[in-house]
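Asks: Contents of input30.pdb (PDB, N, CA and C atoms) are below:
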```pdb
ATOM      1  N   MET A 623     167.442 155.781  28.462
ATOM      2  CA  MET A 623     167.761 154.615  29.236
ATOM      3  C   MET A 623     168.387 153.593  28.297
ATOM      4  N   ASN A 624     169.486 153.031  28.720
ATOM      5  CA  ASN A 624     170.167 152.015  27.929
ATOM      6  C   ASN A 624     169.749 150.649  28.435
ATOM      7  N   ILE A 625     169.112 149.828  27.579
ATOM      8  CA  ILE A 625     168.660 148.515  28.010
ATOM      9  C   ILE A 625     169.344 147.402  27.229
ATOM     10  N   SER A 626     170.500 147.671  26.680
ATOM     11  CA  SER A 626     171.191 146.627  25.926
ATOM     12  C   SER A 626     171.706 145.559  26.878
ATOM     13  N   GLY A 627     171.756 144.335  26.399
ATOM     14  CA  GLY A 627     172.153 143.215  27.228
ATOM     15  C   GLY A 627     173.638 143.181  27.541
ATOM     16  N   GLY A 628     174.469 143.806  26.741
ATOM     17  CA  GLY A 628     175.907 143.748  26.955
ATOM     18  C   GLY A 628     176.393 144.546  28.146
ATOM     19  N   ASN A 629     175.583 145.454  28.660
ATOM     20  CA  ASN A 629     176.004 146.300  29.769
ATOM     21  C   ASN A 629     175.628 145.738  31.134
ATOM     22  N   LEU A 630     175.006 144.580  31.174
ATOM     23  CA  LEU A 630     174.625 143.999  32.449
ATOM     24  C   LEU A 630     175.820 143.300  33.076
ATOM     25  N   PRO A 631     176.114 143.564  34.330
ATOM     26  CA  PRO A 631     177.290 142.966  34.950
ATOM     27  C   PRO A 631     177.173 141.459  35.138
ATOM     28  N   ALA A 632     175.994 140.965  35.564
ATOM     29  CA  ALA A 632     175.860 139.543  35.844
ATOM     30  C   ALA A 632     175.638 138.728  34.586
ATOM     31  N   MET A 633     175.154 139.334  33.526
ATOM     32  CA  MET A 633     174.790 138.614  32.324
ATOM     33  C   MET A 633     175.585 139.100  31.109
ATOM     34  N   SER A 634     176.798 139.544  31.300
ATOM     35  CA  SER A 634     177.519 140.187  30.209
ATOM     36  C   SER A 634     177.766 139.258  29.030
ATOM     37  N   GLY A 635     177.969 137.975  29.235
ATOM     38  CA  GLY A 635     178.231 137.070  28.125
ATOM     39  C   GLY A 635     177.075 136.153  27.823
ATOM     40  N   ALA A 636     175.902 136.438  28.304
ATOM     41  CA  ALA A 636     174.786 135.521  28.176
ATOM     42  C   ALA A 636     174.021 135.692  26.868
ATOM     43  N   GLY A 637     174.276 136.710  26.108
ATOM     44  CA  GLY A 637     173.624 136.888  24.814
ATOM     45  C   GLY A 637     172.172 137.274  24.936
ATOM     46  N   GLN A 638     171.309 136.427  24.354
ATOM     47  CA  GLN A 638     169.887 136.752  24.291
ATOM     48  C   GLN A 638     169.237 136.763  25.673
ATOM     49  N   SER A 639     169.679 135.920  26.585
ATOM     50  CA  SER A 639     169.061 135.915  27.908
ATOM     51  C   SER A 639     169.317 137.227  28.648
ATOM     52  N   GLY A 640     170.467 137.845  28.388
ATOM     53  CA  GLY A 640     170.747 139.149  28.981
ATOM     54  C   GLY A 640     169.813 140.221  28.464
ATOM     55  N   GLU A 641     169.462 140.136  27.182
ATOM     56  CA  GLU A 641     168.525 141.098  26.609
ATOM     57  C   GLU A 641     167.129 140.910  27.189
ATOM     58  N   VAL A 642     166.739 139.657  27.403
ATOM     59  CA  VAL A 642     165.431 139.386  28.003
ATOM     60  C   VAL A 642     165.398 139.905  29.429
ATOM     61  N   TYR A 643     166.466 139.683  30.167
ATOM     62  CA  TYR A 643     166.557 140.173  31.544
ATOM     63  C   TYR A 643     166.486 141.695  31.567
ATOM     64  N   SER A 644     167.177 142.327  30.644
ATOM     65  CA  SER A 644     167.179 143.780  30.564
ATOM     66  C   SER A 644     165.797 144.315  30.199
ATOM     67  N   ALA A 645     165.110 143.646  29.279
ATOM     68  CA  ALA A 645     163.763 144.071  28.898
ATOM     69  C   ALA A 645     162.796 143.920  30.069
ATOM     70  N   ALA A 646     162.971 142.860  30.856
ATOM     71  CA  ALA A 646     162.111 142.664  32.022
ATOM     72  C   ALA A 646     162.341 143.763  33.051
ATOM     73  N   LEU A 647     163.598 144.146  33.244
ATOM     74  CA  LEU A 647     163.889 145.241  34.169
ATOM     75  C   LEU A 647     163.297 146.558  33.667
ATOM     76  N   ALA A 648     163.384 146.794  32.369
ATOM     77  CA  ALA A 648     162.829 148.020  31.798
ATOM     78  C   ALA A 648     161.312 148.061  31.961
ATOM     79  N   LYS A 649     160.669 146.901  31.762
ATOM     80  CA  LYS A 649     159.212 146.837  31.919
ATOM     81  C   LYS A 649     158.815 147.112  33.368
ATOM     82  N   LYS A 650     159.570 146.543  34.300
ATOM     83  CA  LYS A 650     159.290 146.759  35.716
ATOM     84  C   LYS A 650     159.460 148.233  36.084
ATOM     85  N   GLN A 651     160.486 148.881  35.507
ATOM     86  CA  GLN A 651     160.719 150.301  35.771
ATOM     87  C   GLN A 651     159.602 151.157  35.193
ATOM     88  N   GLN A 652     159.125 150.798  34.000
ATOM     89  CA  GLN A 652     158.029 151.546  33.395
ATOM     90  C   GLN A 652     156.754 151.432  34.219
ATOM     91  N   LYS A 653     156.489 150.249  34.768
ATOM     92  CA  LYS A 653     155.314 150.077  35.617
ATOM     93  C   LYS A 653     155.432 150.923  36.882
ATOM     94  N   ALA A 654     156.629 150.958  37.464
ATOM     95  CA  ALA A 654     156.841 151.766  38.664
ATOM     96  C   ALA A 654     156.679 153.252  38.347
ATOM     97  N   ASP A 655     157.202 153.698  37.202
ATOM     98  CA  ASP A 655     157.047 155.095  36.802
ATOM     99  C   ASP A 655     155.576 155.445  36.576
ATOM    100  N   GLY A 656     154.835 154.547  35.946
ATOM    101  CA  GLY A 656     153.414 154.780  35.710
ATOM    102  C   GLY A 656     152.631 154.866  37.008
ATOM    103  N   ALA A 657     152.952 153.972  37.955
ATOM    104  CA  ALA A 657     152.260 154.001  39.242
ATOM    105  C   ALA A 657     152.573 155.295  39.991
ATOM    106  N   ALA A 658     153.818 155.753  39.907
ATOM    107  CA  ALA A 658     154.185 157.004  40.568
ATOM    108  C   ALA A 658     153.460 158.186  39.923
ATOM    109  N   ALA A 659     153.343 158.173  38.595
ATOM    110  CA  ALA A 659     152.646 159.259  37.906
ATOM    111  C   ALA A 659     151.168 159.280  38.270
ATOM    112  N   LEU A 660     150.549 158.109  38.339
ATOM    113  CA  LEU A 660     149.141 158.061  38.719
ATOM    114  C   LEU A 660     148.930 158.532  40.154
ATOM    115  N   ALA A 661     149.842 158.166  41.040
ATOM    116  CA  ALA A 661     149.731 158.616  42.428
ATOM    117  C   ALA A 661     149.879 160.126  42.521
ATOM    118  N   LEU A 662     150.769 160.687  41.717
ATOM    119  CA  LEU A 662     150.966 162.138  41.708
ATOM    120  C   LEU A 662     149.728 162.854  41.183
ATOM    121  N   ILE A 663     149.139 162.327  40.130
ATOM    122  CA  ILE A 663     147.931 162.930  39.564
ATOM    123  C   ILE A 663     146.783 162.851  40.565
ATOM    124  N   GLU A 664     146.658 161.707  41.221
ATOM    125  CA  GLU A 664     145.589 161.546  42.205
ATOM    126  C   GLU A 664     145.777 162.493  43.390
ATOM    127  N   ALA A 665     147.015 162.636  43.839
ATOM    128  CA  ALA A 665     147.288 163.536  44.963
ATOM    129  C   ALA A 665     147.018 164.985  44.572
ATOM    130  N   ALA A 666     147.330 165.339  43.347
ATOM    131  CA  ALA A 666     147.094 166.714  42.900
ATOM    132  C   ALA A 666     145.600 166.998  42.791
ATOM    133  N   GLY A 667     144.833 166.014  42.410
ATOM    134  CA  GLY A 667     143.389 166.205  42.275
ATOM    135  C   GLY A 667     142.690 166.331  43.607
ATOM    136  N   THR A 668     143.143 165.609  44.609
ATOM    137  CA  THR A 668     142.473 165.664  45.906
ATOM    138  C   THR A 668     142.887 166.884  46.712
ATOM    139  N   SER A 669     144.089 167.369  46.550
ATOM    140  CA  SER A 669     144.538 168.496  47.362
ATOM    141  C   SER A 669     143.972 169.828  46.879
ATOM    142  N   SER A 670     143.521 169.913  45.632
ATOM    143  CA  SER A 670     143.000 171.186  45.128
ATOM    144  C   SER A 670     141.687 171.557  45.817
ATOM    145  N   ALA A 671     140.906 170.577  46.256
ATOM    146  CA  ALA A 671     139.647 170.882  46.922
ATOM    147  C   ALA A 671     139.887 171.400  48.340
ATOM    148  N   ALA A 672     141.006 171.025  48.944
ATOM    149  CA  ALA A 672     141.284 171.421  50.317
ATOM    150  C   ALA A 672     141.975 172.778  50.408
ATOM    151  N   GLN A 673     142.396 173.342  49.296
ATOM    152  CA  GLN A 673     143.104 174.613  49.327
ATOM    153  C   GLN A 673     142.125 175.753  49.581
ATOM    154  N   THR A 674     142.611 176.764  50.286
ATOM    155  CA  THR A 674     141.799 177.953  50.513
ATOM    156  C   THR A 674     141.974 178.906  49.337
ATOM    157  N   PRO A 675     140.958 179.666  49.015
ATOM    158  CA  PRO A 675     141.099 180.595  47.891
ATOM    159  C   PRO A 675     142.102 181.705  48.214
ATOM    160  N   ALA A 676     142.748 182.216  47.201
ATOM    161  CA  ALA A 676     143.746 183.264  47.377
ATOM    162  C   ALA A 676     143.072 184.573  47.774
ATOM    163  N   LYS A 677     143.793 185.384  48.525
ATOM    164  CA  LYS A 677     143.274 186.689  48.913
ATOM    165  C   LYS A 677     143.179 187.572  47.678
ATOM    166  N   SER A 678     142.169 188.425  47.655
ATOM    167  CA  SER A 678     142.029 189.321  46.518
ATOM    168  C   SER A 678     143.100 190.413  46.593
ATOM    169  N   VAL A 679     143.634 190.765  45.466
ATOM    170  CA  VAL A 679     144.664 191.793  45.419
ATOM    171  C   VAL A 679     144.021 193.169  45.371
ATOM    172  N   THR A 680     144.733 194.141  45.858
ATOM    173  CA  THR A 680     144.194 195.504  45.847
ATOM    174  C   THR A 680     144.384 196.122  44.470
ATOM    175  N   ALA A 681     143.644 197.176  44.222
ATOM    176  CA  ALA A 681     143.690 197.828  42.919
ATOM    177  C   ALA A 681     144.996 198.578  42.713
ATOM    178  N   THR A 682     145.720 198.889  43.780
ATOM    179  CA  THR A 682     146.944 199.668  43.639
ATOM    180  C   THR A 682     148.188 198.795  43.487
ATOM    181  N   LEU A 683     148.030 197.503  43.547
ATOM    182  CA  LEU A 683     149.184 196.613  43.450
ATOM    183  C   LEU A 683     149.814 196.715  42.062
ATOM    184  N   GLY A 684     151.056 197.100  42.004
ATOM    185  CA  GLY A 684     151.779 197.195  40.744
ATOM    186  C   GLY A 684     151.688 198.535  40.065
ATOM    187  N   ASN A 685     151.022 199.508  40.660
ATOM    188  CA  ASN A 685     150.905 200.812  40.035
ATOM    189  C   ASN A 685     152.198 201.609  40.131
ATOM    190  N   ASN A 686     152.960 201.446  41.188
ATOM    191  CA  ASN A 686     154.208 202.166  41.361
ATOM    192  C   ASN A 686     155.375 201.242  41.051
ATOM    193  N   VAL A 687     156.126 201.587  40.011
ATOM    194  CA  VAL A 687     157.284 200.803  39.625
ATOM    195  C   VAL A 687     158.490 201.720  39.651
ATOM    196  N   ASN A 688     159.471 201.358  40.434
ATOM    197  CA  ASN A 688     160.703 202.165  40.510
ATOM    198  C   ASN A 688     161.682 201.697  39.438
ATOM    199  N   VAL A 689     162.040 202.602  38.540
ATOM    200  CA  VAL A 689     162.971 202.285  37.462
ATOM    201  C   VAL A 689     164.152 203.215  37.593
ATOM    202  N   TYR A 690     165.341 202.669  37.685
ATOM    203  CA  TYR A 690     166.566 203.464  37.785
ATOM    204  C   TYR A 690     167.388 203.242  36.530
ATOM    205  N   VAL A 691     167.823 204.354  35.911
ATOM    206  CA  VAL A 691     168.609 204.254  34.666
ATOM    207  C   VAL A 691     169.995 204.787  34.923
TER     208      VAL A 691
END
```
Turn the structure described in the file into C-alpha coordinates.

Replies:
Amino acid sequence: MNISGGNLPAMSGAGQSGEVYSAALAKKQQKADGAAALALIEAAGTSSAAQTPAKSVTATLGNNVNVYV
(Lines of atoms letter the chains of each structure in order from A and count residues from 1; the text may use other names and numbers.)
(Lines give C-alpha, C1' and ligand atoms only; values in the text may rest on other atoms or scores of the structure.)
Protein backbone atom coordinates (compact mmCIF):
# COMPACT_ATOMS: atom_id res chain seq x y z
CA MET A 1 0.00 0.00 0.00
CA ASN A 2 1.35 3.39 -0.95
CA ILE A 3 0.62 6.02 1.72
CA SER A 4 2.84 8.84 0.54
CA GLY A 5 1.31 12.29 0.70
CA GLY A 6 2.24 13.29 -2.85
CA ASN A 7 -0.20 10.84 -4.44
CA LEU A 8 -3.32 12.29 -2.85
CA PRO A 9 -5.47 14.16 -5.36
CA ALA A 10 -6.98 16.70 -2.95
CA MET A 11 -3.81 17.31 -0.95
CA SER A 12 -1.12 17.03 -3.60
CA GLY A 13 0.66 20.28 -2.67
CA ALA A 14 -0.12 20.35 1.03
CA GLY A 15 3.15 18.80 2.22
CA GLN A 16 3.05 17.48 5.76
CA SER A 17 -0.73 17.75 6.12
CA GLY A 18 -1.12 15.39 3.16
CA GLU A 19 1.08 12.84 4.90
CA VAL A 20 -0.99 13.14 8.08
CA TYR A 21 -4.18 12.69 6.08
CA SER A 22 -2.69 9.66 4.35
CA ALA A 23 -1.57 8.14 7.66
CA ALA A 24 -5.07 8.63 9.08
CA LEU A 25 -6.58 6.86 6.08
CA ALA A 26 -4.09 4.00 6.45
CA LYS A 27 -4.93 3.67 10.15
CA LYS A 28 -8.65 3.59 9.37
CA GLN A 29 -8.05 0.89 6.73
CA GLN A 30 -6.00 -1.20 9.16
CA LYS A 31 -8.79 -1.02 11.74
CA ALA A 32 -11.33 -2.12 9.14
CA ASP A 33 -9.07 -5.01 8.06
CA GLY A 34 -8.62 -6.09 11.68
CA ALA A 35 -12.36 -5.99 12.33
CA ALA A 36 -12.99 -8.06 9.20
CA ALA A 37 -10.36 -10.61 10.26
CA LEU A 38 -11.86 -10.92 13.73
CA ALA A 39 -15.33 -11.38 12.27
CA LEU A 40 -14.01 -14.10 9.96
CA ILE A 41 -12.30 -15.91 12.83
CA GLU A 42 -15.43 -15.68 14.96
CA ALA A 43 -17.62 -16.98 12.14
CA ALA A 44 -15.25 -19.87 11.52
CA GLY A 45 -15.29 -20.83 15.19
CA THR A 46 -19.06 -20.87 15.52
CA SER A 47 -19.82 -22.73 12.30
CA SER A 48 -17.55 -25.70 13.11
CA ALA A 49 -19.88 -26.82 15.92
CA ALA A 50 -22.88 -26.83 13.57
CA GLN A 51 -21.24 -29.00 10.91
CA THR A 52 -22.21 -32.64 10.61
CA PRO A 53 -19.44 -35.22 10.76
CA ALA A 54 -18.19 -36.61 7.45
CA LYS A 55 -19.36 -40.01 6.30
CA SER A 56 -16.90 -42.80 6.90
CA VAL A 57 -15.11 -43.99 3.79
CA THR A 58 -15.16 -47.60 2.74
CA ALA A 59 -12.09 -49.79 2.89
CA THR A 60 -12.05 -50.24 -0.89
CA LEU A 61 -11.88 -46.55 -1.73
CA GLY A 62 -8.74 -45.94 -3.78
CA ASN A 63 -7.75 -49.57 -4.21
CA ASN A 64 -8.36 -49.58 -7.97
CA VAL A 65 -6.33 -47.04 -9.91
CA ASN A 66 -6.49 -46.99 -13.69
CA VAL A 67 -3.12 -46.07 -15.20
CA TYR A 68 -2.72 -45.76 -18.96
CA VAL A 69 0.76 -45.53 -20.50

Asks: One decimal, in Å: what's the spacing between atom CA of Gln652 of chain A and atom N of Glu664 of chain A?

Replies: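 So the answer is 17.1 Å.
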
Asks: Grab the atom C of Lys653 of chain A to atom C of Gln638 of chain A distance for me, in Å with one decimal place.

Replies: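 Distance between the two atoms: 22.7 Å.
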
Asks: In Å, how far is it from atom C of Lys649 of chain A to atom C of Gly667 of chain A?

Replies: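 The value is 27.1 Å.
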